$ cat data.tsv   # TSV, C-alpha atoms and all ligand atoms
chain	number	residue	atom	x	y	z
A	1	MET	CA	83.45	125.13	172.19
A	2	THR	CA	80.29	123.29	173.20
A	3	LEU	CA	80.09	119.53	172.68
A	4	ASN	CA	77.66	120.15	169.88
A	5	GLU	CA	80.10	122.40	168.10
A	6	GLU	CA	82.90	119.95	168.70
A	7	LEU	CA	80.88	117.14	167.16
A	8	TYR	CA	79.96	119.36	164.22
A	9	LYS	CA	83.64	119.99	163.58
A	10	ILE	CA	84.44	116.26	163.78
A	11	GLU	CA	81.66	115.55	161.32
A	12	GLN	CA	82.91	118.14	158.83
A	13	ASP	CA	86.48	116.84	158.99
A	14	ALA	CA	85.46	113.19	158.77
A	15	GLN	CA	83.20	113.74	155.76
A	16	LYS	CA	85.90	115.68	153.98
A	17	THR	CA	88.60	113.10	154.69
A	18	LEU	CA	86.33	110.27	153.56
A	19	GLU	CA	85.36	112.11	150.42
A	20	GLU	CA	88.95	112.63	149.45
A	21	ALA	CA	90.13	109.08	150.23
A	22	SER	CA	90.62	107.55	146.81
A	23	THR	CA	92.78	104.52	147.54
A	24	ALA	CA	92.54	101.54	149.90
A	25	GLU	CA	95.41	102.99	151.93
A	26	TYR	CA	93.66	106.31	152.48
A	27	LEU	CA	90.39	104.58	153.35
A	28	ASP	CA	92.13	102.36	155.92
A	29	ALA	CA	93.81	105.38	157.43
A	30	PHE	CA	90.43	107.11	157.63
A	31	LYS	CA	88.94	104.11	159.42
A	32	VAL	CA	91.71	104.02	161.99
A	33	GLU	CA	91.55	107.75	162.55
A	34	TYR	CA	87.80	108.14	162.97
A	35	LEU	CA	86.08	104.82	163.50
A	36	SER	CA	88.47	102.61	165.52
A	37	ARG	CA	88.26	102.04	169.24
A	38	HIS	CA	90.78	104.74	169.89
A	39	GLY	CA	89.67	106.85	167.00
A	40	ILE	CA	88.33	110.39	167.16
A	41	LEU	CA	84.66	109.43	167.49
A	42	SER	CA	85.15	106.89	170.29
A	43	THR	CA	87.41	109.28	172.14
A	44	PHE	CA	84.78	111.98	171.77
A	45	LEU	CA	82.03	109.71	173.13
A	46	ARG	CA	84.15	108.63	176.03
A	47	GLY	CA	84.78	112.31	176.82
A	48	ILE	CA	81.12	113.25	177.24
A	49	LYS	CA	80.61	111.10	180.30
A	50	ASP	CA	80.76	114.21	182.53
A	51	ALA	CA	78.18	116.16	180.56
A	52	SER	CA	74.58	116.68	181.68
A	53	ILE	CA	72.08	113.90	181.03
A	54	GLU	CA	70.33	116.09	178.50
A	55	GLU	CA	73.55	116.82	176.56
A	56	LYS	CA	74.63	113.21	176.77
A	57	ARG	CA	71.42	112.09	175.13
A	58	THR	CA	71.35	114.53	172.24
A	59	VAL	CA	75.08	114.68	171.47
A	60	GLY	CA	75.52	110.94	172.16
A	61	SER	CA	72.80	109.96	169.77
A	62	ARG	CA	74.03	112.39	167.11
A	63	ALA	CA	77.54	110.94	167.46
A	64	ASN	CA	76.25	107.40	167.07
A	65	THR	CA	74.21	108.32	164.00
A	66	LEU	CA	77.32	109.92	162.55
A	67	ARG	CA	79.36	106.78	163.23
A	68	ILE	CA	76.79	104.61	161.41
A	69	GLU	CA	76.65	107.02	158.51
A	70	LEU	CA	80.44	107.17	158.19
A	71	GLU	CA	80.70	103.39	158.41
A	72	GLN	CA	78.17	102.97	155.61
A	73	LYS	CA	79.92	105.49	153.42
A	74	PHE	CA	83.24	103.85	154.15
A	75	GLU	CA	81.85	100.42	153.17
A	76	SER	CA	80.36	101.65	149.94
A	77	LYS	CA	83.59	103.38	148.96
A	78	ILE	CA	85.56	100.20	149.63
A	79	THR	CA	83.10	98.18	147.52
A	80	THR	CA	83.37	100.60	144.58
A	81	LEU	CA	87.12	100.53	144.83
A	82	ASN	CA	87.23	96.73	144.87
A	83	LYS	CA	84.93	96.54	141.88
A	84	GLY	CA	87.49	98.53	139.97
A	85	LEU	CA	90.28	96.29	141.19
A	86	ASN	CA	88.30	93.22	140.17
A	87	ARG	CA	89.14	94.05	136.58
A	88	LYS	CA	92.51	92.67	137.63
A	89	ILE	CA	94.79	95.13	135.96
A	90	ASP	CA	98.27	93.91	136.65
A	91	VAL	CA	100.41	96.88	135.83
A	92	THR	CA	103.57	94.79	136.02
A	93	VAL	CA	102.60	92.56	133.06
A	94	PRO	CA	104.84	93.43	130.08
A	95	GLY	CA	102.85	95.23	127.37
A	96	LYS	CA	102.07	93.74	123.99
A	97	ARG	CA	104.01	95.57	121.32
A	98	PRO	CA	101.90	96.19	118.21
A	99	ALA	CA	103.53	94.59	115.18
A	100	GLN	CA	105.46	97.24	113.30
A	101	GLY	CA	106.27	97.18	109.62
A	102	HIS	CA	109.69	97.94	108.22
A	103	LEU	CA	111.50	98.11	104.93
A	104	HIS	CA	112.11	94.95	102.94
A	105	PRO	CA	115.79	93.92	102.81
A	106	LEU	CA	115.78	94.50	99.05
A	107	THR	CA	114.44	98.01	99.55
A	108	ILE	CA	117.06	98.74	102.19
A	109	VAL	CA	119.88	97.69	99.86
A	110	ARG	CA	118.37	99.36	96.78
A	111	ARG	CA	118.01	102.68	98.59
A	112	GLU	CA	121.56	102.48	99.89
A	113	ILE	CA	122.84	101.79	96.38
A	114	GLU	CA	120.86	104.75	95.07
A	115	ASP	CA	122.20	107.04	97.80
A	116	ILE	CA	125.79	106.06	97.09
A	117	PHE	CA	125.44	106.71	93.37
A	118	LEU	CA	123.57	109.95	93.90
A	119	SER	CA	126.43	111.09	96.13
A	120	MET	CA	128.82	110.36	93.23
A	121	GLY	CA	126.80	112.54	90.88
A	122	PHE	CA	124.84	109.81	89.10
A	123	GLU	CA	121.24	110.34	88.08
A	124	ILE	CA	118.67	107.58	88.59
A	125	ALA	CA	116.59	106.37	85.69
A	126	ASP	CA	113.54	104.15	85.52
A	127	THR	CA	113.14	102.22	82.27
A	128	PRO	CA	110.38	99.78	81.20
A	129	GLU	CA	110.05	96.24	82.55
A	130	VAL	CA	108.05	95.27	79.47
A	131	GLU	CA	110.63	95.97	76.81
A	132	GLU	CA	111.25	95.77	73.11
A	133	ALA	CA	113.76	93.19	71.85
A	134	LYS	CA	115.57	96.10	70.25
A	135	PHE	CA	116.56	97.51	73.66
A	136	ASN	CA	117.01	94.23	75.51
A	137	PHE	CA	119.16	92.70	72.75
A	138	ASP	CA	119.92	94.61	69.53
A	139	LEU	CA	121.17	97.91	70.93
A	140	VAL	CA	123.40	96.19	73.48
A	141	ASN	CA	125.16	94.29	70.73
A	142	ILE	CA	123.21	91.03	70.86
A	143	PRO	CA	121.93	90.69	67.28
A	144	GLN	CA	119.18	88.29	66.25
A	145	ASP	CA	121.41	85.33	65.49
A	146	HIS	CA	123.78	85.87	68.40
A	147	PRO	CA	124.12	82.82	70.68
A	148	ALA	CA	123.96	85.10	73.73
A	149	ARG	CA	120.21	85.45	73.12
A	150	ASP	CA	119.82	81.81	74.02
A	151	LEU	CA	121.81	82.26	77.21
A	152	MET	CA	119.11	84.47	78.60
A	153	ASP	CA	115.89	82.55	78.96
A	154	THR	CA	113.33	85.11	78.02
A	155	PHE	CA	109.65	85.55	78.81
A	156	TRP	CA	108.24	86.58	75.43
A	157	LEU	CA	104.90	88.34	75.13
A	158	ASN	CA	102.43	87.61	72.32
A	159	ASP	CA	103.01	91.00	70.74
A	160	GLY	CA	106.73	90.33	70.25
A	161	ARG	CA	107.83	92.34	73.26
A	162	LEU	CA	109.44	90.72	76.29
A	163	LEU	CA	110.03	91.08	80.03
A	164	ARG	CA	113.50	92.58	80.21
A	165	THR	CA	116.10	89.98	81.11
A	166	HIS	CA	118.56	92.58	82.38
A	167	THR	CA	118.70	96.26	83.23
A	168	SER	CA	121.22	96.62	80.38
A	169	ALA	CA	118.03	96.99	78.32
A	170	GLY	CA	117.85	100.48	79.81
A	171	GLN	CA	121.27	101.48	78.44
A	172	GLY	CA	119.89	102.30	75.01
A	173	ARG	CA	116.89	104.09	76.47
A	174	VAL	CA	118.94	106.45	78.61
A	175	MET	CA	121.89	107.01	76.27
A	176	LYS	CA	119.84	107.51	73.11
A	177	ASN	CA	119.58	111.20	72.17
A	178	ARG	CA	121.88	112.30	74.95
A	179	LYS	CA	125.33	113.70	74.89
A	180	PRO	CA	128.10	112.61	77.26
A	181	PRO	CA	129.18	113.17	79.96
A	182	LEU	CA	126.66	110.70	81.36
A	183	ARG	CA	126.43	109.16	84.79
A	184	ILE	CA	123.34	107.02	85.14
A	185	LEU	CA	122.02	104.32	87.45
A	186	ILE	CA	119.07	102.10	86.49
A	187	PRO	CA	117.78	99.96	89.35
A	188	GLY	CA	114.87	97.63	88.64
A	189	ARG	CA	113.19	94.26	88.28
A	190	VAL	CA	114.35	91.76	85.71
A	191	PHE	CA	112.88	88.44	84.63
A	192	ARG	CA	114.33	85.12	83.53
A	193	ASN	CA	112.37	82.16	82.29
A	194	GLU	CA	114.37	79.50	84.08
A	195	ALA	CA	114.10	76.92	86.85
A	196	THR	CA	114.48	78.39	90.32
A	197	ASP	CA	116.83	77.19	93.04
A	198	ALA	CA	118.59	78.68	96.07
A	199	SER	CA	120.50	81.13	93.88
A	200	HIS	CA	118.15	81.60	90.91
A	201	GLU	CA	114.79	83.27	90.86
A	202	SER	CA	112.57	84.07	87.88
A	203	THR	CA	112.20	87.64	89.13
A	204	PHE	CA	115.07	89.51	90.69
A	205	HIS	CA	116.56	92.98	90.81
A	206	GLN	CA	119.54	94.54	89.15
A	207	PHE	CA	121.25	97.90	89.21
A	208	GLU	CA	122.81	98.99	85.97
A	209	GLY	CA	125.36	101.72	86.20
A	210	MET	CA	127.14	103.52	83.45
A	211	MET	CA	129.48	106.41	83.01
A	212	VAL	CA	130.41	107.85	79.62
A	213	ASP	CA	132.89	110.63	79.08
A	214	LYS	CA	136.09	111.48	77.26
A	215	ASP	CA	138.71	109.84	79.41
A	216	ILE	CA	136.95	107.04	81.17
A	217	SER	CA	139.11	103.99	81.78
A	218	LEU	CA	139.00	100.66	83.57
A	219	ALA	CA	140.64	102.38	86.53
A	220	ASP	CA	137.52	104.54	86.97
A	221	LEU	CA	135.35	101.44	86.85
A	222	LYS	CA	137.46	99.71	89.48
A	223	GLY	CA	137.38	102.78	91.71
A	224	VAL	CA	133.59	103.07	91.57
A	225	ILE	CA	133.04	99.36	92.14
A	226	GLU	CA	135.34	99.40	95.14
A	227	VAL	CA	133.56	102.30	96.84
A	228	VAL	CA	130.12	100.85	96.20
A	229	LEU	CA	130.79	97.27	97.27
A	230	LYS	CA	132.61	98.18	100.46
A	231	LYS	CA	129.82	100.53	101.48
A	232	ILE	CA	126.96	98.18	100.67
A	233	LEU	CA	128.55	95.14	102.24
A	234	LYS	CA	129.61	97.26	105.22
A	235	ARG	CA	133.11	95.86	104.96
A	236	GLU	CA	135.83	98.42	104.47
A	237	ASP	CA	138.43	95.66	104.68
A	238	ALA	CA	136.90	93.60	101.86
A	239	LYS	CA	139.41	92.65	99.19
A	240	LEU	CA	138.45	92.82	95.54
A	241	ARG	CA	139.88	91.10	92.52
A	242	PHE	CA	138.97	91.37	88.85
A	243	ARG	CA	138.92	88.63	86.22
A	244	PRO	CA	138.36	88.82	82.48
A	245	SER	CA	134.91	87.80	81.36
A	246	PHE	CA	132.63	88.01	78.34
A	247	PHE	CA	129.46	89.98	77.70
A	248	PRO	CA	128.58	91.13	74.17
A	249	PHE	CA	128.01	94.72	75.31
A	250	VAL	CA	131.42	95.27	76.95
A	251	GLU	CA	135.02	95.00	75.82
A	252	PRO	CA	136.92	94.11	77.84
A	253	GLY	CA	134.43	92.48	80.19
A	254	ILE	CA	135.29	91.77	83.79
A	255	GLU	CA	134.00	89.82	86.73
A	256	THR	CA	134.41	91.26	90.20
A	257	HIS	CA	135.21	88.96	93.07
A	258	VAL	CA	135.01	90.00	96.70
A	259	SER	CA	136.80	88.16	99.51
A	260	CYS	CA	134.32	85.86	101.27
A	261	LEU	CA	132.34	87.63	103.96
A	262	PHE	CA	131.62	84.49	105.89
A	263	CYS	CA	134.90	82.60	106.16
A	264	LYS	CA	138.66	82.86	105.91
A	265	SER	CA	139.48	79.45	104.56
A	266	GLY	CA	136.44	78.29	102.58
A	267	CYS	CA	132.72	77.72	103.06
A	268	ALA	CA	129.66	76.72	101.05
A	269	THR	CA	128.85	80.33	100.10
A	270	CYS	CA	132.23	80.90	98.44
A	271	LYS	CA	132.33	77.32	97.20
A	272	TYR	CA	135.51	76.81	99.22
A	273	SER	CA	137.43	79.34	97.14
A	274	GLY	CA	137.48	82.27	99.58
A	275	TRP	CA	136.04	84.53	96.82
A	276	ILE	CA	132.52	85.46	95.83
A	277	GLU	CA	131.68	86.52	92.29
A	278	ILE	CA	129.60	89.58	92.51
A	279	LEU	CA	129.54	92.33	89.93
A	280	PRO	CA	129.86	91.82	86.16
A	281	ALA	CA	131.09	94.89	84.33
A	282	GLY	CA	133.30	96.20	81.58
A	283	MET	CA	134.09	99.00	79.18
A	284	ILE	CA	131.06	99.74	77.00
A	285	HIS	CA	131.51	98.09	73.58
A	286	PRO	CA	132.09	100.59	70.74
A	287	ASN	CA	129.12	99.06	68.92
A	288	VAL	CA	126.80	99.95	71.80
A	289	LEU	CA	127.99	103.55	71.82
A	290	ARG	CA	127.58	103.73	68.07
A	291	ASN	CA	124.08	102.20	68.32
A	292	VAL	CA	122.96	105.04	70.58
A	293	GLY	CA	124.62	107.76	68.51
A	294	ILE	CA	127.73	108.34	70.58
A	295	ASP	CA	131.04	108.46	68.73
A	296	PRO	CA	133.28	105.72	70.18
A	297	THR	CA	136.40	107.39	68.86
A	298	LYS	CA	135.65	110.40	71.08
A	299	TYR	CA	133.97	108.88	74.07
A	300	ARG	CA	134.40	105.84	76.23
A	301	GLY	CA	132.44	104.50	79.11
A	302	PHE	CA	132.02	101.70	81.56
A	303	ALA	CA	128.96	99.73	82.59
A	304	PHE	CA	128.16	97.23	85.27
A	305	GLY	CA	125.07	95.25	86.15
A	306	GLY	CA	124.80	93.85	89.65
A	307	SER	CA	122.11	91.86	91.36
A	308	ILE	CA	120.50	93.70	94.26
A	309	ASP	CA	119.19	90.37	95.54
A	310	ARG	CA	122.68	88.94	95.68
A	311	LEU	CA	124.04	91.95	97.56
A	312	ALA	CA	121.14	91.75	100.02
A	313	MET	CA	121.84	88.05	100.54
A	314	LEU	CA	125.51	88.67	101.24
A	315	ARG	CA	124.80	91.66	103.40
A	316	PHE	CA	122.20	89.96	105.58
A	317	GLY	CA	123.45	86.37	105.35
A	318	ILE	CA	120.39	85.05	103.48
A	319	SER	CA	121.00	81.59	102.06
A	320	ASP	CA	118.12	81.22	99.60
A	321	ILE	CA	117.16	83.89	97.08
A	322	ARG	CA	113.58	82.59	96.97
A	323	LEU	CA	113.01	83.81	100.53
A	324	LEU	CA	113.23	87.39	99.32
A	325	TRP	CA	110.01	87.12	97.35
A	326	SER	CA	108.30	84.56	99.57
A	327	GLY	CA	106.40	87.19	101.55
A	328	ASP	CA	106.95	84.89	104.53
A	329	PRO	CA	106.52	86.98	107.70
A	330	SER	CA	108.76	84.69	109.77
A	331	PHE	CA	111.56	85.51	107.33
A	332	LEU	CA	110.78	89.19	106.97
A	333	LYS	CA	110.49	89.74	110.73
A	334	GLN	CA	114.21	89.07	111.07
A	335	PHE	CA	115.30	92.36	109.52
A	401	LIG	N1	123.53	92.57	81.88
A	401	LIG	C1	124.43	91.60	82.42
A	401	LIG	C2	123.60	90.49	83.08
A	401	LIG	O1	122.48	90.65	83.31
A	401	LIG	C3	125.34	92.19	83.47
A	401	LIG	C4	126.30	93.22	82.94
A	401	LIG	C5	125.92	94.54	82.83
A	401	LIG	C6	127.57	92.87	82.55
A	401	LIG	C7	126.81	95.50	82.38
A	401	LIG	C8	128.46	93.79	82.09
A	401	LIG	C9	128.08	95.11	82.02
A	401	LIG	O2	124.09	89.44	83.35
$ encode --input "data.tsv" --output "structure tokens" --more "lines below"
Ligand code: PHE
Amino acid sequence: MTLNEELYKIEQDAQKTLEEASTAEYLDAFKVEYLSRHGILSTFLRGIKDASIEEKRTVGSRANTLRIELEQKFESKITTLNKGLNRKIDVTVPGKRPAQGHLHPLTIVRREIEDIFLSMGFEIADTPEVEEAKFNFDLVNIPQDHPARDLMDTFWLNDGRLLRTHTSAGQGRVMKNRKPPLRILIPGRVFRNEATDASHESTFHQFEGMMVDKDISLADLKGVIEVVLKKILKREDAKLRFRPSFFPFVEPGIETHVSCLFCKSGCATCKYSGWIEILPAGMIHPNVLRNVGIDPTKYRGFAFGGSIDRLAMLRFGISDIRLLWSGDPSFLKQF
């Protein structure tokens, strides 16, 4: 190979290597390999000292031009690379997570309640929030002059209708014109015209459940309540107890108490009793069945009406019911 050919080969290799060098490390390596004192070009130049004067001049000057050209290219590649690096991308900085939405605690609990009842063969019904007094009161055995009407502070509308004070208003709507057996769940918003505090809100959510058939007894009611509460509260070991209570639409009426989820010996949530009152219920009053055209001598049923808000509070340890409808992101982010 003549010196000229040798130089041509060096040039080809150097250009190719430089072209392909895409990082600072590769560029540095290129510099050491071709342009340093002991690099390929210098070694080549040193090696032509024995050549003829003529060859020395032409090949020597071509080699020097090549060196300058490679150095310039090298510099410009380094500058471009640094410009990119000047954007200061620190790949080790933790990324910013985009805020992600999620279900509201009330929605979580409502959907779980619905799933449990669906799995037990209940159907889900949606009945009006703006309701007639007939359904909210009369059909569920609260006649006009009944003192129980005063117990429920009602938002009345100008046209004589009202915002339902309880999902029991849906009982008449779903039982009317239907024949037992019936298994129905009515989840929904209810409204009370009363002062709010940590455990009272003017708008909250209930789930009304009812089962009507030939041989329904209090034992069925207890069984259903037990399954549902243990599942929703995620506490299989929860203890339940039942106490007599009064509601015009049930006879007998019961209160359900669940052993406190937060303490063993007494805390503010259970008012130092170890028990939390949770789910009012009872056997559907014969008058209610009669009102919707079901013969109470043939059929019996149970009904219960729980607060979804209260279950969500117990489940998630929320101390103030008003937080649920506050829309406060610092509260909602915690779920
Ligand atoms: N409707 C009652 C309330 O809102 C709850 C209830 C429903 C009680 C069904 C017994 C049976 O307070």
$ atom_distance --input "data.tsv" --atom1 "CA of Ala303 in chain A" --atom2 "atom C4 of ligand LIG 401 (chain A)"
7.0 Å
$ atom_distance --input "data.tsv" --atom1 "CA of Ser330 in chain A" --atom2 "CA of Arg310 in chain A"
20.3 Å
$ residues_around --input "data.tsv" --residues "range 17-32 of chain A" --least-positions-apart "6" --cutoff "10 Å" --atoms "all atoms listed in the file" --output "PyMOL selection string"
chain A and resi 11+38-40+70-71+73-75+77-78+81-82
$ closest_residue --input "data.tsv" --among "A:Gln171, A:Gln334, A:Ser217, A:Ser202" --to "ligand LIG 401 (chain A)" --atoms "only C-alpha atoms and all ligand atoms"
A:Gln171
$ residues_near_ligand --input "data.tsv" --ligand "ligand LIG 401 (chain A)" --cutoff "10 Å" --atoms "all atoms listed in the file" --output "PyMOL selection string"
chain A and resi 136+140+151-152+164-171+190-192+205-210+245-255+279-285+302-307
$ write_last_selection --input "data.tsv" --atoms "C-alpha atoms" --output "PDB file, in the frame of the given file"
ATOM      1  CA  ASN A 136     117.010  94.230  75.510  1.00  0.00           C
ATOM      2  CA  VAL A 140     123.400  96.190  73.480  1.00  0.00           C
ATOM      3  CA  LEU A 151     121.810  82.260  77.210  1.00  0.00           C
ATOM      4  CA  MET A 152     119.110  84.470  78.600  1.00  0.00           C
ATOM      5  CA  ARG A 164     113.500  92.580  80.210  1.00  0.00           C
ATOM      6  CA  THR A 165     116.100  89.980  81.110  1.00  0.00           C
ATOM      7  CA  HIS A 166     118.560  92.580  82.380  1.00  0.00           C
ATOM      8  CA  THR A 167     118.700  96.260  83.230  1.00  0.00           C
ATOM      9  CA  SER A 168     121.220  96.620  80.380  1.00  0.00           C
ATOM     10  CA  ALA A 169     118.030  96.990  78.320  1.00  0.00           C
ATOM     11  CA  GLY A 170     117.850 100.480  79.810  1.00  0.00           C
ATOM     12  CA  GLN A 171     121.270 101.480  78.440  1.00  0.00           C
ATOM     13  CA  VAL A 190     114.350  91.760  85.710  1.00  0.00           C
ATOM     14  CA  PHE A 191     112.880  88.440  84.630  1.00  0.00           C
ATOM     15  CA  ARG A 192     114.330  85.120  83.530  1.00  0.00           C
ATOM     16  CA  HIS A 205     116.560  92.980  90.810  1.00  0.00           C
ATOM     17  CA  GLN A 206     119.540  94.540  89.150  1.00  0.00           C
ATOM     18  CA  PHE A 207     121.250  97.900  89.210  1.00  0.00           C
ATOM     19  CA  GLU A 208     122.810  98.990  85.970  1.00  0.00           C
ATOM     20  CA  GLY A 209     125.360 101.720  86.200  1.00  0.00           C
ATOM     21  CA  MET A 210     127.140 103.520  83.450  1.00  0.00           C
ATOM     22  CA  SER A 245     134.910  87.800  81.360  1.00  0.00           C
ATOM     23  CA  PHE A 246     132.630  88.010  78.340  1.00  0.00           C
ATOM     24  CA  PHE A 247     129.460  89.980  77.700  1.00  0.00           C
ATOM     25  CA  PRO A 248     128.580  91.130  74.170  1.00  0.00           C
ATOM     26  CA  PHE A 249     128.010  94.720  75.310  1.00  0.00           C
ATOM     27  CA  VAL A 250     131.420  95.270  76.950  1.00  0.00           C
ATOM     28  CA  GLU A 251     135.020  95.000  75.820  1.00  0.00           C
ATOM     29  CA  PRO A 252     136.920  94.110  77.840  1.00  0.00           C
ATOM     30  CA  GLY A 253     134.430  92.480  80.190  1.00  0.00           C
ATOM     31  CA  ILE A 254     135.290  91.770  83.790  1.00  0.00           C
ATOM     32  CA  GLU A 255     134.000  89.820  86.730  1.00  0.00           C
ATOM     33  CA  LEU A 279     129.540  92.330  89.930  1.00  0.00           C
ATOM     34  CA  PRO A 280     129.860  91.820  86.160  1.00  0.00           C
ATOM     35  CA  ALA A 281     131.090  94.890  84.330  1.00  0.00           C
ATOM     36  CA  GLY A 282     133.300  96.200  81.580  1.00  0.00           C
ATOM     37  CA  MET A 283     134.090  99.000  79.180  1.00  0.00           C
ATOM     38  CA  ILE A 284     131.060  99.740  77.000  1.00  0.00           C
ATOM     39  CA  HIS A 285     131.510  98.090  73.580  1.00  0.00           C
ATOM     40  CA  PHE A 302     132.020 101.700  81.560  1.00  0.00           C
ATOM     41  CA  ALA A 303     128.960  99.730  82.590  1.00  0.00           C
ATOM     42  CA  PHE A 304     128.160  97.230  85.270  1.00  0.00           C
ATOM     43  CA  GLY A 305     125.070  95.250  86.150  1.00  0.00           C
ATOM     44  CA  GLY A 306     124.800  93.850  89.650  1.00  0.00           C
ATOM     45  CA  SER A 307     122.110  91.860  91.360  1.00  0.00           C
TER      46      SER A 307
END
$ closest_residue --input "data.tsv" --among "A:Ala238, A:Ile116, A:Leu261, A:Ala51" --to "Gly317 in chain A" --atoms "only C-alpha atoms"
A:Leu261
$ atom_distance --input "data.tsv" --atom1 "CA of Gly223 in chain A" --atom2 "CA of His104 in chain A"
28.7 Å
$ residues_around --input "data.tsv" --residues "range 225-237 of chain A" --least-positions-apart "4" --cutoff "7 Å" --atoms "only C-alpha atoms" --output "list in words"
Glu112, Ile113, Ile116, Leu221 and Arg315 of chain A
$ residues_around --input "data.tsv" --residues "Glu114 in chain A" --least-positions-apart "2" --cutoff "10 Å" --atoms "only C-alpha atoms" --output "ChimeraX atom specification"
/A:109-112,116-120,122-124,185-187,207
$ closest_atom_pairs --input "data.tsv" --of "range 61-124 of chain A" --to "range 321-326 of chain A" --cutoff "12 Å" --atoms "only C-alpha atoms" --output "tab-separated table"
residue	atom	partner	partner_atom	distance
A:His104	CA	A:Leu324	CA	8.5
A:Pro105	CA	A:Leu324	CA	7.8
A:Leu106	CA	A:Leu324	CA	7.6
A:Thr107	CA	A:Leu324	CA	10.7
$ closest_residue --input "data.tsv" --among "A:Leu139, A:Ile184, A:Leu218, A:Leu163" --to "Ala125 in chain A" --atoms "only C-alpha atoms"
A:Ile184
$ closest_residue --input "data.tsv" --among "A:Val288, A:Leu332, A:Ile294, A:Val212" --to "Phe137 in chain A" --atoms "only C-alpha atoms"
A:Val288
$ residues_around --input "data.tsv" --residues "Ile276 in chain A" --least-positions-apart "6" --cutoff "10 Å" --atoms "only C-alpha atoms" --output "list in words"
Leu240, Arg241, Thr256, His257, Val258, Ser259, Cys260, Leu261, Thr269, Cys270 and Leu314 of chain A
$ closest_residue --input "data.tsv" --among "A:Asp13, A:Glu129, A:Asp309, A:Glu5" --to "Ala198 in chain A" --atoms "all atoms listed in the file"
A:Asp309
$ closest_residue --input "data.tsv" --among "A:Val224, A:Gly84, A:Lys298, A:Ser42" --to "Gly121 in chain A" --atoms "all atoms listed in the file"
A:Val224
$ residues_around --input "data.tsv" --residues "Pro180 in chain A" --least-positions-apart "3" --cutoff "9 Å" --atoms "all atoms listed in the file" --output "list in words"
Met175, Arg183, Met211, Val212, Asp213, Lys214, Ile294 and Tyr299 of chain A
